[in-house]
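J.: File my_file_3.cif below, mmCIF, C-alpha atoms:
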```cif
data_query
loop_
_atom_site.group_PDB
_atom_site.id
_atom_site.type_symbol
_atom_site.label_atom_id
_atom_site.label_comp_id
_atom_site.auth_asym_id
_atom_site.auth_seq_id
_atom_site.Cartn_x
_atom_site.Cartn_y
_atom_site.Cartn_z
ATOM 1 C CA MET A 7 -17.556 15.599 1.284
ATOM 2 C CA ASP A 8 -14.637 15.662 3.658
ATOM 3 C CA LYS A 9 -11.446 17.255 2.388
ATOM 4 C CA ARG A 10 -9.096 16.258 5.183
ATOM 5 C CA THR A 11 -5.690 14.914 4.211
ATOM 6 C CA ASN A 12 -4.262 11.840 5.923
ATOM 7 C CA ALA A 13 -2.183 14.136 8.125
ATOM 8 C CA ASP A 14 -5.320 16.103 9.064
ATOM 9 C CA TRP A 15 -7.165 12.935 10.077
ATOM 10 C CA LEU A 16 -4.257 11.673 12.166
ATOM 11 C CA ALA A 17 -3.725 15.036 13.845
ATOM 12 C CA ALA A 18 -7.410 15.215 14.762
ATOM 13 C CA ILE A 19 -7.701 11.653 16.019
ATOM 14 C CA SER A 20 -4.466 11.433 17.958
ATOM 15 C CA HIS A 21 -5.556 13.854 20.700
ATOM 16 C CA ALA A 22 -8.696 13.704 22.807
ATOM 17 C CA GLY A 23 -10.869 16.751 22.343
ATOM 18 C CA ASP A 24 -13.248 18.466 19.968
ATOM 19 C CA ASP A 25 -11.151 17.768 16.871
ATOM 20 C CA ARG A 26 -11.186 14.055 17.621
ATOM 21 C CA GLU A 27 -14.926 14.065 18.295
ATOM 22 C CA ASN A 28 -15.581 15.941 15.043
ATOM 23 C CA ALA A 29 -13.367 13.567 13.080
ATOM 24 C CA LEU A 30 -15.096 10.508 14.558
ATOM 25 C CA ALA A 31 -18.504 12.043 13.821
ATOM 26 C CA ASP A 32 -17.436 12.589 10.195
ATOM 27 C CA LEU A 33 -16.191 9.001 9.923
ATOM 28 C CA ASP A 34 -19.481 7.820 11.426
ATOM 29 C CA ASP A 35 -21.345 9.734 8.687
ATOM 30 C CA LEU A 36 -19.111 8.370 5.915
ATOM 31 C CA LEU A 37 -19.519 4.790 7.113
ATOM 32 C CA ARG A 38 -23.305 5.082 7.378
ATOM 33 C CA LYS A 39 -23.462 6.619 3.905
ATOM 34 C CA TYR A 40 -21.192 4.245 1.971
ATOM 35 C CA LEU A 41 -21.074 0.920 3.825
ATOM 36 C CA PRO A 42 -24.730 -0.229 3.460
ATOM 37 C CA GLY A 43 -24.551 -0.260 -0.343
ATOM 38 C CA ALA A 44 -21.640 -2.698 -0.224
ATOM 39 C CA LEU A 45 -23.317 -5.080 2.225
ATOM 40 C CA ASN A 46 -26.475 -5.638 0.160
ATOM 41 C CA ARG A 47 -25.068 -8.735 -1.482
ATOM 42 C CA TRP A 48 -24.763 -10.470 1.888
ATOM 43 C CA LEU A 49 -27.819 -9.121 3.722
ATOM 44 C CA ALA A 50 -30.752 -7.344 2.076
ATOM 45 C CA SER A 51 -31.131 -3.764 3.250
ATOM 46 C CA ASN A 52 -34.808 -4.409 4.092
ATOM 47 C CA ASP A 53 -33.833 -7.285 6.395
ATOM 48 C CA PRO A 54 -34.773 -6.393 9.989
ATOM 49 C CA ARG A 55 -31.188 -7.154 11.078
ATOM 50 C CA PHE A 56 -29.612 -4.796 8.540
ATOM 51 C CA ASN A 57 -29.707 -1.555 10.521
ATOM 52 C CA ALA A 58 -28.373 -3.275 13.639
ATOM 53 C CA LEU A 59 -25.514 -4.712 11.582
ATOM 54 C CA VAL A 60 -24.614 -1.246 10.298
ATOM 55 C CA ASP A 61 -24.849 0.285 13.810
ATOM 56 C CA GLU A 62 -22.649 -2.392 15.380
ATOM 57 C CA THR A 63 -20.153 -2.246 12.527
ATOM 58 C CA VAL A 64 -19.807 1.530 12.762
ATOM 59 C CA GLN A 65 -19.277 1.415 16.534
ATOM 60 C CA GLU A 66 -16.731 -1.391 16.348
ATOM 61 C CA THR A 67 -14.922 0.273 13.448
ATOM 62 C CA LEU A 68 -14.551 3.576 15.290
ATOM 63 C CA LEU A 69 -13.192 1.733 18.332
ATOM 64 C CA ARG A 70 -10.637 -0.038 16.150
ATOM 65 C CA VAL A 71 -9.687 3.228 14.464
ATOM 66 C CA LEU A 72 -8.907 4.722 17.881
ATOM 67 C CA GLN A 73 -6.908 1.640 18.877
ATOM 68 C CA HIS A 74 -4.972 1.161 15.662
ATOM 69 C CA TYR A 75 -4.487 4.605 14.048
ATOM 70 C CA PRO A 76 -0.771 4.640 15.079
ATOM 71 C CA ALA A 77 -0.312 1.612 12.803
ATOM 72 C CA PHE A 78 -1.748 3.442 9.760
ATOM 73 C CA GLU A 79 1.157 3.664 7.323
ATOM 74 C CA GLY A 80 -0.334 6.023 4.765
ATOM 75 C CA ARG A 81 -0.388 3.485 1.946
ATOM 76 C CA SER A 82 -3.903 4.611 1.074
ATOM 77 C CA GLN A 83 -6.285 7.400 1.919
ATOM 78 C CA PHE A 84 -7.145 7.318 5.604
ATOM 79 C CA THR A 85 -10.821 6.901 4.725
ATOM 80 C CA THR A 86 -10.032 3.809 2.609
ATOM 81 C CA TRP A 87 -8.175 2.335 5.590
ATOM 82 C CA VAL A 88 -11.245 2.973 7.761
ATOM 83 C CA PHE A 89 -13.574 1.460 5.135
ATOM 84 C CA LYS A 90 -11.323 -1.610 5.024
ATOM 85 C CA ILE A 91 -11.701 -2.098 8.771
ATOM 86 C CA ALA A 92 -15.471 -1.683 8.528
ATOM 87 C CA VAL A 93 -15.811 -4.180 5.703
ATOM 88 C CA ARG A 94 -13.840 -6.795 7.593
ATOM 89 C CA VAL A 95 -15.857 -6.240 10.776
ATOM 90 C CA ALA A 96 -19.174 -6.481 8.923
ATOM 91 C CA LEU A 97 -18.390 -9.519 6.780
ATOM 92 C CA THR A 98 -16.777 -11.421 9.650
ATOM 93 C CA ASP A 99 -19.902 -10.753 11.693
ATOM 94 C CA LEU A 100 -22.197 -11.859 8.870
ATOM 95 C CA ARG A 101 -20.266 -15.098 8.360
ATOM 96 C CA ARG A 102 -20.295 -15.768 12.120
ATOM 97 C CA ARG A 103 -24.061 -15.164 12.391
ATOM 98 C CA ARG A 104 -24.758 -17.468 9.481
ATOM 99 C CA TRP A 105 -22.941 -20.382 11.099
ATOM 100 C CA LYS A 106 -23.345 -19.675 14.811
ATOM 101 C CA ASN A 107 -25.642 -22.628 15.453
ATOM 102 C CA ILE A 108 -23.271 -25.208 14.046
ATOM 103 C CA SER A 109 -21.081 -26.983 16.558
ATOM 104 C CA LEU A 110 -17.782 -28.712 15.966
ATOM 105 C CA ASP A 111 -19.167 -31.892 17.610
ATOM 106 C CA GLU A 112 -21.939 -31.995 15.041
ATOM 107 C CA ILE A 113 -19.441 -31.788 12.202
ATOM 108 C CA GLU A 114 -16.981 -34.232 13.734
ATOM 109 C CA ALA A 115 -19.625 -36.896 14.437
ATOM 110 C CA GLY A 116 -18.423 -40.157 12.920
ATOM 111 C CA TRP A 117 -14.785 -39.151 12.531
ATOM 112 C CA ASP A 118 -12.141 -41.279 14.242
ATOM 113 C CA GLU A 119 -8.916 -40.065 15.830
ATOM 114 C CA GLU A 120 -7.236 -39.848 12.442
ATOM 115 C CA GLY A 121 -9.737 -37.225 11.302
ATOM 116 C CA PRO A 122 -12.106 -37.593 8.373
ATOM 117 C CA GLU A 123 -11.376 -39.477 5.183
ATOM 118 C CA ILE A 124 -11.825 -37.436 2.062
ATOM 119 C CA HIS A 125 -14.587 -38.947 -0.004
ATOM 120 C CA VAL A 126 -15.443 -37.374 -3.340
ATOM 121 C CA ALA A 127 -19.094 -37.703 -4.296
ATOM 122 C CA ILE A 128 -19.661 -38.448 -7.970
ATOM 123 C CA ASP A 129 -23.123 -37.949 -9.343
ATOM 124 C CA PRO A 130 -23.481 -40.755 -11.942
ATOM 125 C CA VAL A 131 -26.485 -39.062 -13.534
ATOM 126 C CA ALA A 132 -24.459 -35.987 -14.380
ATOM 127 C CA GLN A 133 -21.851 -37.766 -16.516
ATOM 128 C CA PRO A 134 -22.971 -41.212 -17.680
ATOM 129 C CA GLU A 135 -20.459 -41.731 -20.508
ATOM 130 C CA ARG A 136 -17.351 -40.570 -18.750
ATOM 131 C CA LEU A 137 -18.072 -42.186 -15.415
ATOM 132 C CA ALA A 138 -15.511 -45.009 -15.569
ATOM 133 C CA GLU A 139 -12.679 -42.775 -16.741
ATOM 134 C CA GLN A 140 -13.576 -40.087 -14.224
ATOM 135 C CA ASN A 141 -13.971 -42.564 -11.442
ATOM 136 C CA ASP A 142 -10.406 -43.778 -11.899
ATOM 137 C CA VAL A 143 -8.846 -40.289 -11.648
ATOM 138 C CA VAL A 144 -11.179 -39.208 -8.852
ATOM 139 C CA ARG A 145 -10.366 -42.247 -6.720
ATOM 140 C CA ARG A 146 -6.615 -41.781 -7.297
ATOM 141 C CA VAL A 147 -6.839 -38.141 -6.240
ATOM 142 C CA GLU A 148 -8.986 -39.103 -3.259
ATOM 143 C CA ALA A 149 -6.395 -41.693 -2.146
ATOM 144 C CA ILE A 150 -3.556 -39.194 -2.539
ATOM 145 C CA MET A 151 -5.426 -36.579 -0.501
ATOM 146 C CA ASN A 152 -6.015 -39.070 2.299
ATOM 147 C CA ASP A 153 -2.382 -40.162 2.216
ATOM 148 C CA VAL A 154 -0.636 -36.791 1.926
ATOM 149 C CA LEU A 155 -2.757 -34.453 4.051
ATOM 150 C CA THR A 156 -2.539 -34.329 7.827
ATOM 151 C CA PRO A 157 -5.712 -35.190 9.805
ATOM 152 C CA ARG A 158 -6.140 -31.467 10.565
ATOM 153 C CA GLN A 159 -5.781 -30.479 6.900
ATOM 154 C CA ARG A 160 -8.386 -33.081 5.889
ATOM 155 C CA GLU A 161 -10.616 -31.819 8.675
ATOM 156 C CA VAL A 162 -10.415 -28.272 7.333
ATOM 157 C CA LEU A 163 -11.038 -29.433 3.770
ATOM 158 C CA VAL A 164 -14.175 -31.313 4.824
ATOM 159 C CA MET A 165 -15.435 -28.394 6.904
ATOM 160 C CA VAL A 166 -14.967 -25.996 3.999
ATOM 161 C CA GLY A 167 -15.626 -28.338 1.076
ATOM 162 C CA VAL A 168 -18.451 -30.517 2.379
ATOM 163 C CA HIS A 169 -20.121 -28.328 4.972
ATOM 164 C CA GLY A 170 -19.471 -25.012 3.233
ATOM 165 C CA LEU A 171 -18.096 -23.256 6.316
ATOM 166 C CA PRO A 172 -16.159 -20.037 5.703
ATOM 167 C CA GLY A 173 -12.483 -19.969 6.674
ATOM 168 C CA ASP A 174 -12.834 -17.606 9.625
ATOM 169 C CA GLN A 175 -15.593 -19.765 11.106
ATOM 170 C CA VAL A 176 -13.464 -22.899 10.700
ATOM 171 C CA ALA A 177 -10.581 -21.053 12.357
ATOM 172 C CA ALA A 178 -12.795 -20.064 15.312
ATOM 173 C CA MET A 179 -14.045 -23.641 15.733
ATOM 174 C CA LEU A 180 -10.504 -25.006 15.700
ATOM 175 C CA LYS A 181 -9.359 -22.291 18.128
ATOM 176 C CA THR A 182 -6.918 -20.843 15.661
ATOM 177 C CA ASN A 183 -7.101 -17.803 13.383
ATOM 178 C CA ARG A 184 -7.672 -17.160 9.715
ATOM 179 C CA ASN A 185 -4.006 -16.386 9.133
ATOM 180 C CA ALA A 186 -2.817 -19.716 10.585
ATOM 181 C CA LEU A 187 -5.548 -21.545 8.686
ATOM 182 C CA TYR A 188 -4.376 -20.026 5.395
ATOM 183 C CA LYS A 189 -0.802 -21.120 6.121
ATOM 184 C CA MET A 190 -2.000 -24.632 6.967
ATOM 185 C CA MET A 191 -3.953 -24.901 3.736
ATOM 186 C CA HIS A 192 -1.074 -23.432 1.737
ATOM 187 C CA ASP A 193 1.047 -26.256 3.118
ATOM 188 C CA ALA A 194 -1.722 -28.713 2.101
ATOM 189 C CA ARG A 195 -1.798 -27.328 -1.450
ATOM 190 C CA SER A 196 1.997 -27.481 -1.708
ATOM 191 C CA ARG A 197 2.146 -31.111 -0.504
ATOM 192 C CA LEU A 198 -0.646 -32.182 -2.847
ATOM 193 C CA LYS A 199 0.862 -30.383 -5.807
ATOM 194 C CA GLN A 200 4.211 -32.122 -5.295
ATOM 195 C CA ARG A 201 2.649 -35.553 -4.846
ATOM 196 C CA LEU A 202 0.295 -35.259 -7.812
ATOM 197 C CA GLU A 203 3.213 -34.204 -10.014
ATOM 198 C CA ALA A 204 5.268 -37.152 -8.724
ATOM 199 C CA GLU A 205 2.371 -39.473 -9.569
ATOM 200 C CA GLY A 206 2.181 -38.069 -13.096
ATOM 201 C CA LEU A 207 -1.222 -36.398 -12.647
ATOM 202 C CA THR A 208 -1.365 -32.895 -14.118
ATOM 203 C CA THR A 209 -3.709 -30.247 -12.801
ATOM 204 C CA ASP A 210 -5.334 -29.982 -16.242
ATOM 205 C CA GLU A 211 -5.984 -33.723 -16.242
ATOM 206 C CA ILE A 212 -7.663 -33.530 -12.846
ATOM 207 C CA ILE A 213 -9.771 -30.510 -13.714
ATOM 208 C CA SER A 214 -10.840 -32.183 -16.947
ATOM 209 C CA ALA A 215 -11.775 -35.414 -15.159
ATOM 210 C CA PHE A 216 -13.625 -33.563 -12.423
ATOM 211 C CA SER A 217 -15.544 -31.204 -14.658
ATOM 212 C CA GLN A 218 -19.177 -32.197 -15.020
ATOM 213 C CA GLN A 219 -20.048 -32.168 -18.710
ATOM 214 C CA MET B 13 -13.290 -5.706 -13.496
ATOM 215 C CA LYS B 14 -14.529 -8.647 -15.512
ATOM 216 C CA TRP B 15 -11.964 -10.973 -13.981
ATOM 217 C CA LEU B 16 -13.303 -10.208 -10.501
ATOM 218 C CA ASP B 17 -16.876 -10.957 -11.621
ATOM 219 C CA LYS B 18 -15.728 -14.315 -12.968
ATOM 220 C CA ILE B 19 -13.984 -15.218 -9.746
ATOM 221 C CA ILE B 20 -16.979 -14.158 -7.672
ATOM 222 C CA ALA B 21 -19.314 -16.187 -9.899
ATOM 223 C CA LEU B 22 -17.077 -19.242 -9.546
ATOM 224 C CA PHE B 23 -16.960 -19.071 -5.777
ATOM 225 C CA SER B 24 -20.523 -17.934 -5.225
ATOM 226 C CA LYS B 25 -21.560 -21.525 -5.962
ATOM 227 C CA ARG B 26 -21.270 -22.526 -2.357
ATOM 228 C CA PRO B 27 -21.190 -26.222 -1.450
ATOM 229 C CA PRO B 28 -24.266 -27.729 0.243
ATOM 230 C CA ALA B 29 -25.260 -26.184 3.564
ATOM 231 C CA MET B 30 -25.461 -28.058 6.851
ATOM 232 C CA GLY B 31 -29.161 -28.640 6.317
ATOM 233 C CA ASP B 32 -28.293 -31.048 3.510
ATOM 234 C CA LEU B 33 -26.663 -33.519 5.875
ATOM 235 C CA PRO B 34 -26.196 -36.472 6.149
ATOM 236 C CA GLN B 35 -23.080 -35.877 4.126
ATOM 237 C CA LYS B 36 -22.580 -37.666 0.845
ATOM 238 C CA GLY B 37 -18.967 -36.692 0.417
ATOM 239 C CA MET B 38 -17.188 -33.750 -1.075
ATOM 240 C CA PRO B 39 -18.884 -32.438 -4.217
ATOM 241 C CA LEU B 40 -16.879 -32.986 -7.377
ATOM 242 C CA GLN B 41 -16.783 -29.299 -8.219
ATOM 243 C CA VAL B 42 -15.299 -28.467 -4.807
ATOM 244 C CA VAL B 43 -12.416 -30.882 -5.369
ATOM 245 C CA ALA B 44 -12.022 -29.600 -8.930
ATOM 246 C CA SER B 45 -11.822 -26.035 -7.636
ATOM 247 C CA PHE B 46 -9.278 -27.072 -5.000
ATOM 248 C CA ALA B 47 -7.253 -29.020 -7.580
ATOM 249 C CA GLY B 48 -7.405 -25.999 -9.870
ATOM 250 C CA SER B 49 -5.918 -23.856 -7.137
ATOM 251 C CA LEU B 50 -2.876 -26.166 -6.967
ATOM 252 C CA ALA B 51 -1.561 -24.864 -10.286
ATOM 253 C CA GLY B 52 -1.218 -21.378 -8.815
ATOM 254 C CA THR B 53 0.311 -22.557 -5.543
ATOM 255 C CA GLN B 54 3.688 -20.911 -4.909
ATOM 256 C CA PRO B 55 6.247 -21.193 -2.100
ATOM 257 C CA GLY B 56 6.231 -17.553 -0.962
ATOM 258 C CA GLU B 57 2.506 -16.878 -0.538
ATOM 259 C CA ILE B 58 1.529 -14.303 2.075
ATOM 260 C CA ALA B 59 -1.265 -14.977 4.586
ATOM 261 C CA CYS B 60 -4.432 -13.058 5.493
ATOM 262 C CA ASP B 61 -2.925 -10.632 8.039
ATOM 263 C CA GLU B 62 -0.311 -9.322 5.625
ATOM 264 C CA VAL B 63 -2.894 -9.065 2.855
ATOM 265 C CA ASP B 64 -5.177 -7.167 5.205
ATOM 266 C CA SER B 65 -2.436 -4.612 5.841
ATOM 267 C CA LEU B 66 -2.054 -4.107 2.060
ATOM 268 C CA MET B 67 -5.707 -4.444 1.036
ATOM 269 C CA ASP B 68 -6.582 -0.713 1.163
ATOM 270 C CA GLY B 69 -3.665 0.200 -1.110
ATOM 271 C CA PHE B 70 -4.459 -2.678 -3.443
ATOM 272 C CA ALA B 71 -8.122 -1.634 -3.699
ATOM 273 C CA GLU B 72 -7.186 1.975 -4.458
ATOM 274 C CA ILE B 73 -4.870 0.848 -7.260
ATOM 275 C CA MET B 74 -7.726 -1.217 -8.704
ATOM 276 C CA ALA B 75 -10.177 1.643 -8.314
ATOM 277 C CA ARG B 76 -7.799 3.865 -10.333
ATOM 278 C CA GLY B 77 -7.933 1.290 -13.126
ATOM 279 C CA GLU B 78 -4.270 0.355 -12.775
ATOM 280 C CA ASP B 79 -2.945 -3.176 -12.947
ATOM 281 C CA ALA B 80 -2.939 -4.080 -9.257
ATOM 282 C CA SER B 81 -2.019 -7.702 -10.022
ATOM 283 C CA ARG B 82 1.250 -6.584 -11.608
ATOM 284 C CA ILE B 83 2.033 -4.030 -8.918
ATOM 285 C CA MET B 84 1.167 -6.296 -5.974
ATOM 286 C CA PRO B 85 1.311 -9.876 -7.308
ATOM 287 C CA LEU B 86 1.460 -11.558 -3.896
ATOM 288 C CA VAL B 87 -1.783 -9.896 -2.826
ATOM 289 C CA ARG B 88 -3.388 -10.995 -6.096
ATOM 290 C CA LEU B 89 -2.181 -14.583 -5.532
ATOM 291 C CA HIS B 90 -3.619 -14.647 -2.021
ATOM 292 C CA ILE B 91 -6.942 -13.210 -3.183
ATOM 293 C CA ASP B 92 -7.164 -16.013 -5.751
ATOM 294 C CA HIS B 93 -6.871 -18.619 -2.979
ATOM 295 C CA CYS B 94 -8.809 -17.003 -0.128
ATOM 296 C CA PRO B 95 -12.610 -16.596 -0.461
ATOM 297 C CA GLU B 96 -12.887 -14.443 2.670
ATOM 298 C CA CYS B 97 -10.265 -11.895 1.580
ATOM 299 C CA ARG B 98 -11.802 -11.927 -1.903
ATOM 300 C CA GLU B 99 -15.218 -11.051 -0.461
ATOM 301 C CA GLU B 100 -13.705 -8.266 1.600
ATOM 302 C CA LEU B 101 -11.878 -6.825 -1.396
ATOM 303 C CA GLU B 102 -15.073 -6.867 -3.432
ATOM 304 C CA ALA B 103 -17.026 -5.064 -0.702
ATOM 305 C CA LEU B 104 -14.216 -2.553 -0.134
ATOM 306 C CA LEU B 105 -14.113 -1.757 -3.849
ATOM 307 C CA ALA B 106 -17.860 -1.143 -3.832
ATOM 308 C CA VAL B 107 -17.492 1.292 -0.916
ATOM 309 C CA ILE B 108 -14.550 3.287 -2.266
ATOM 310 C CA GLU B 109 -15.932 3.464 -5.788
ATOM 311 C CA ALA B 110 -19.194 4.943 -4.462
ATOM 312 C CA TYR B 111 -17.220 7.327 -2.238
ATOM 313 C CA GLN B 112 -14.908 8.431 -5.044
ATOM 314 C CA GLN B 113 -17.825 8.883 -7.431
ATOM 315 C CA ASP B 114 -19.448 11.324 -4.993
ATOM 316 C CA ASP B 115 -16.075 12.986 -4.457
ATOM 317 C CA HIS B 116 -15.564 13.542 -8.198
ATOM 318 C CA HIS B 117 -19.129 14.761 -8.552
ATOM 319 C CA ALA B 118 -18.667 17.195 -5.670
ATOM 320 C CA ALA B 119 -15.404 18.436 -7.215
ATOM 321 C CA LYS B 120 -17.157 19.133 -10.541
ATOM 322 C CA VAL B 121 -20.101 20.874 -8.903
ATOM 323 C CA GLY B 122 -17.852 22.735 -6.484
#
```
Is it possible to give me this structure as structure tokens?
T.:
Amino acid sequence: MDKRTNADWLAAISHAGDDRENALADLDDLLRKYLPGALNRWLASNDPRFNALVDETVQETLLRVLQHYPAFEGRSQFTTWVFKIAVRVALTDLRRRRWKNISLDEIEAGWDEEGPEIHVAIDPVAQPERLAEQNDVVRRVEAIMNDVLTPRQREVLVMVGVHGLPGDQVAAMLKTNRNALYKMMHDARSRLKQRLEAEGLTTDEIISAFSQQ
Amino acid sequence: MKWLDKIIALFSKRPPAMGDLPQKGMPLQVVASFAGSLAGTQPGEIACDEVDSLMDGFAEIMARGEDASRIMPLVRLHIDHCPECREELEALLAVIEAYQQDDHHAAKVG
């Protein structure tokens, strides 16, 4: 187990030479020892792609460490900061691989210039007695979503909600980034919240109507 | 970390995959989940990049068993709304907990 302090790590990494090489080799070992156990939920360790994922993640992480170590602010252990980079690299890669064959054209097929309309699918078999009451609230919410949200916000909601795409994949398809996408959807939530409150629909009422019992 | 398990269980029910097309509309539970997230929507939320810069500190606080939600409420709020950051936090916690466990073990043995 490595006993370097944050200052030790930074001193070793900030200058080319044996100390840097030794530090990177130690980080390589730590990543290969502790990262695989955390990735099992997303890709089984006996999957033929697993070892390649770990290799690529370790390489990319070490590159990013070399690029970004001056930005390390010491808010955590240096190793935790490195693990954080590795986790983001690995999970972003896994999400991208899962959806790489899906094109934006395929998803947008049938949409007009105003973007998609939100349509909520109700399964009548799942809630026979409450269907009429639910239908009323669901259609009101659906109409409000179509009225309040911008075409781009509806587009994102359909990509995430109907097609199940992860946020970073949606961001890549729309040529934006995850950060901007979050801000866009925060704006969508804020607009909807205001409008639903103005229309006298409480969140509890909606959740109750939408819950399948 | 029971609360984290609950959140993961809630969001692990992914909507239908592309193979299920043609689309029949947005599943009720997806809209319910989105509507549920409106209650927690606040004006000053921080986005993914800022959360990423704080994630390592947040995870360490959690790993120490301290109340990270009280200490860093804006990170907590973002995590509640962002499935990708939530996944990354979960994986990071798994890594550092395994690392710290070995560290404590080594300290005892050493």
J.: So the first atom is atom CA of Asp210 of chain A and the second is atom CA of Val43 of chain B; what is the distance between them in Å, to one decimal place?
T.: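 That distance, rounded to one decimal, is 13.0 Å.
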J.: What residues in chain B have any atom no more than 8 Å from chain A when counting all atoms listed in the file, and can you write them as a ChimeraX atom specification?
T.: /B:26-30,35-45,47-51,53-55,57,59-61,66-69,72,94-96,100,103-104,106-108,110-111,114-115,118
J.: Please give the centre and size of the box around segment 20-34 of chain A (axis-aligned, containing every atom listed in the file, 3 Å added per side), with values in Å to one decimal and written as lines of an AutoDock Vina configuration file.
T.:
```
center_x = -12.0
center_y = 13.1
center_z = 16.4
size_x = 21.0
size_y = 16.6
size_z = 18.9
```
J.: Would you translate the PyMOL selection byres ((chain B and resi 87) around 8) into the concrete set of residues it matches in this file, as an MDAnalysis selection string?
T.: chainID B and resid 58 63 66:67 70 81 84:86 88:91
J.: Deliver the residues from the most recent selection as a file, using C-alpha atoms, as a short mmCIF file (atom, residue, chain, number, x, y, z; two decimals), in the coordinates of the input.
T.:
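Written out: selection32.cif:
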```cif
data_model
loop_
_atom_site.label_atom_id
_atom_site.label_comp_id
_atom_site.auth_asym_id
_atom_site.auth_seq_id
_atom_site.Cartn_x
_atom_site.Cartn_y
_atom_site.Cartn_z
CA ILE B 58 1.53 -14.30 2.08
CA VAL B 63 -2.89 -9.06 2.86
CA LEU B 66 -2.05 -4.11 2.06
CA MET B 67 -5.71 -4.44 1.04
CA PHE B 70 -4.46 -2.68 -3.44
CA SER B 81 -2.02 -7.70 -10.02
CA MET B 84 1.17 -6.30 -5.97
CA PRO B 85 1.31 -9.88 -7.31
CA LEU B 86 1.46 -11.56 -3.90
CA ARG B 88 -3.39 -11.00 -6.10
CA LEU B 89 -2.18 -14.58 -5.53
CA HIS B 90 -3.62 -14.65 -2.02
CA ILE B 91 -6.94 -13.21 -3.18
#
```
J.: Which value, in Å to one decimal, gives the distance between atom CA of Ser109 of chain A and atom CA of Glu161 of chain A?
T.: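 For atom CA of Ser109 of chain A relative to atom CA of Glu161 of chain A, the distance reads 14.0 Å.
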J.: How many Å lie between atom CA of Arg160 of chain A and atom CA of Lys181 of chain A, rounded to one decimal?
T.: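 Pair atom CA of Arg160 of chain A / atom CA of Lys181 of chain A returns 16.3 Å.
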J.: Take the PyMOL selection byres ((chain A and resi 19-27) around 12), run it mentally on this structure, and tell me the resulting residues as a VMD selection string.
T.: chain A and resid 10 12 to 18 28 to 34 68 to 69 71 to 78 84
J.: Those same residues, written as a PDB file, in the coordinates of the input with C-alpha atoms?
T.:
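out36.pdb, freshly written:
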```pdb
ATOM      1  CA  ARG A  10      -9.096  16.258   5.183  1.00  0.00           C
ATOM      2  CA  ASN A  12      -4.262  11.840   5.923  1.00  0.00           C
ATOM      3  CA  ALA A  13      -2.183  14.136   8.125  1.00  0.00           C
ATOM      4  CA  ASP A  14      -5.320  16.103   9.064  1.00  0.00           C
ATOM      5  CA  TRP A  15      -7.165  12.935  10.077  1.00  0.00           C
ATOM      6  CA  LEU A  16      -4.257  11.673  12.166  1.00  0.00           C
ATOM      7  CA  ALA A  17      -3.725  15.036  13.845  1.00  0.00           C
ATOM      8  CA  ALA A  18      -7.410  15.215  14.762  1.00  0.00           C
ATOM      9  CA  ASN A  28     -15.581  15.941  15.043  1.00  0.00           C
ATOM     10  CA  ALA A  29     -13.367  13.567  13.080  1.00  0.00           C
ATOM     11  CA  LEU A  30     -15.096  10.508  14.558  1.00  0.00           C
ATOM     12  CA  ALA A  31     -18.504  12.043  13.821  1.00  0.00           C
ATOM     13  CA  ASP A  32     -17.436  12.589  10.195  1.00  0.00           C
ATOM     14  CA  LEU A  33     -16.191   9.001   9.923  1.00  0.00           C
ATOM     15  CA  ASP A  34     -19.481   7.820  11.426  1.00  0.00           C
ATOM     16  CA  LEU A  68     -14.551   3.576  15.290  1.00  0.00           C
ATOM     17  CA  LEU A  69     -13.192   1.733  18.332  1.00  0.00           C
ATOM     18  CA  VAL A  71      -9.687   3.228  14.464  1.00  0.00           C
ATOM     19  CA  LEU A  72      -8.907   4.722  17.881  1.00  0.00           C
ATOM     20  CA  GLN A  73      -6.908   1.640  18.877  1.00  0.00           C
ATOM     21  CA  HIS A  74      -4.972   1.161  15.662  1.00  0.00           C
ATOM     22  CA  TYR A  75      -4.487   4.605  14.048  1.00  0.00           C
ATOM     23  CA  PRO A  76      -0.771   4.640  15.079  1.00  0.00           C
ATOM     24  CA  ALA A  77      -0.312   1.612  12.803  1.00  0.00           C
ATOM     25  CA  PHE A  78      -1.748   3.442   9.760  1.00  0.00           C
ATOM     26  CA  PHE A  84      -7.145   7.318   5.604  1.00  0.00           C
TER      27      PHE A  84
END
```
J.: Using only C-alpha atoms, which protein or nucleic acid residues come within 12 Å of Glu119 of chain A? Drop anything in the same chain fewer than 6 positions from it, and give the result as number ranges by chain.
T.: A: 156-158, 161
J.: My list of candidates is B:His116, B:Gly77, B:Ala71, B:Ile83. Which is closest to Glu102 of chain B when distances are computed with only C-alpha atoms?
T.: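 Looking at the shortest contact to Glu102 of chain B, the residue is B:Ala71.
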